[in-house]
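Chemist: Have a look at this one before I ask anything.
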Amino acid sequence: MRKILMAAVCAVMLVGCGEGFRFEVEMPTRYPDATFYLSPENNPTTYYMKAKSDSEGVVRFEGRMRQPVAACVSDGYVAVSHTFFVEEGSVKFGYLSETDKTIVAMGTESNDAYNQYLVDMKALEVKYATCDSTCVKVADIEAEMNRDFEALGAAVQAANYDNILGVYLFVKEGLWLTAPERVDSIVACFSPEMREHPYMREVLQKAK
């Protein structure tokens, strides 16, 4: 039943010509003439749309969608890409940075901002992995580390109140780190469109 409901939700998100925003997603694979799926994040067995890779293994998705979403490319069973955002514009894939060869989506506002967030997160991980604990209590290091990670997430969320990245960070972590009495004031900071996003409505309903 859940799979049927997810398929119905996916169908609602896609819209016909002239409606919603236009998107393109292009990803290289190792498999020519194979079928791939543009799937919701964490749901690789259902999909928004499917497409075949070309003779060089490049798969392309394009169409219109009612709302931006967090997605992945899947083979129908498992995700074959990291989470990325389907939003207006053209999404392509490349390396996270010159030193980190993780393959990520790029080319649109939310994806590029998310990549920078990942780079900054990794920098914090390196900082605390090499932190000298001989002179500082481990508990103090952990407390400082948690504060830094939470501060970074909050700053990126606040800088993206008008797009899907801000919503994504809020529903994944921000809401649960926010005192109940502050939730309404933070939600009010989001753009009207993002306040009405299905992700936002669903997580606020659960929180209540």
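Going by the structure tokens order, chains are called A, B, ..., each with residues numbered from 1, while ligands are numbered from 1 in the order shown.
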Might you pull out every residue within 7 Å of Met27 in chain A, with only C-alpha atoms counted and same-chain residues fewer than 6 positions away left off, and present them as a list in words?

Modeler: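 Final neighbour list, sorted by chain and number: Val58, Val59, Arg60, Lys92 and Phe93 of chain A.
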
Chemist: Write the residues you've just listed into a file as a compact mmCIF listing (two decimals), in the first residue's frame, and include N, CA and C atoms for each of them.

Modeler:
```
# COMPACT_ATOMS: atom_id res chain seq x y z
N VAL A 58 25.09 8.07 -20.58
CA VAL A 58 24.56 9.28 -19.97
C VAL A 58 23.04 9.20 -19.93
N VAL A 59 22.47 9.38 -18.75
CA VAL A 59 21.02 9.36 -18.61
C VAL A 59 20.53 10.79 -18.39
N ARG A 60 19.44 11.15 -19.05
CA ARG A 60 18.90 12.51 -18.96
C ARG A 60 17.42 12.47 -18.60
N LYS A 92 23.78 18.98 -13.33
CA LYS A 92 24.80 18.06 -13.85
C LYS A 92 25.59 17.53 -12.66
N PHE A 93 26.51 16.61 -12.90
CA PHE A 93 27.25 15.98 -11.82
C PHE A 93 28.75 16.16 -12.01
```

Chemist: Taking a cut-off of 9 Å and counting only C-alpha atoms, can you build a table that, for each residue of range 26-100 of chain A near range 144-166 of chain A, reports the nearest atom pair and how far apart they are in Å (one decimal), sorted by chain then residue number, as JSON lines?

Modeler:
```
{"residue": "A:Gln67", "atom": "CA", "partner": "A:Ile164", "partner_atom": "CA", "distance": 8.9}
{"residue": "A:Pro68", "atom": "CA", "partner": "A:Ile164", "partner_atom": "CA", "distance": 6.2}
{"residue": "A:Val69", "atom": "CA", "partner": "A:Ile164", "partner_atom": "CA", "distance": 6.9}
{"residue": "A:Ala70", "atom": "CA", "partner": "A:Ile164", "partner_atom": "CA", "distance": 7.9}
{"residue": "A:Phe85", "atom": "CA", "partner": "A:Ile164", "partner_atom": "CA", "distance": 7.4}
{"residue": "A:Val86", "atom": "CA", "partner": "A:Ile164", "partner_atom": "CA", "distance": 8.9}
{"residue": "A:Glu87", "atom": "CA", "partner": "A:Ile164", "partner_atom": "CA", "distance": 8.0}
```

Chemist: To test your reading of the structure, identify every residue in chain A that backbone DSSP assigns to strand (DSSP E), and report it as a ChimeraX atom specification.

Modeler: /A:14-15,21-28,35-40,49-52,58-65,69-74,84-86,89-95,103-106

Chemist: Find the residue from A:Tyr168, A:Met65, A:Pro180, A:Thr99 that sits nearest to Met13 in chain A; use only C-alpha atoms when measuring.

Modeler: A:Met65

Chemist: Using DSSP on the backbone, list every residue of chain A that comes out as helix (DSSP H, G or I), and give them as number ranges by chain.

Modeler: A: 2-13, 109-129, 138-159, 164-177, 180-187, 192-195, 198-207

Chemist: Would you mind telling me which residue in A:Leu175, A:Leu118, A:Leu169, A:Ala188 lies nearest to Thr102 in chain A when using only C-alpha atoms?

Modeler: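 Comparing A:Leu175, A:Leu118, A:Leu169, A:Ala188 against Thr102 in chain A, the winner is A:Leu118.
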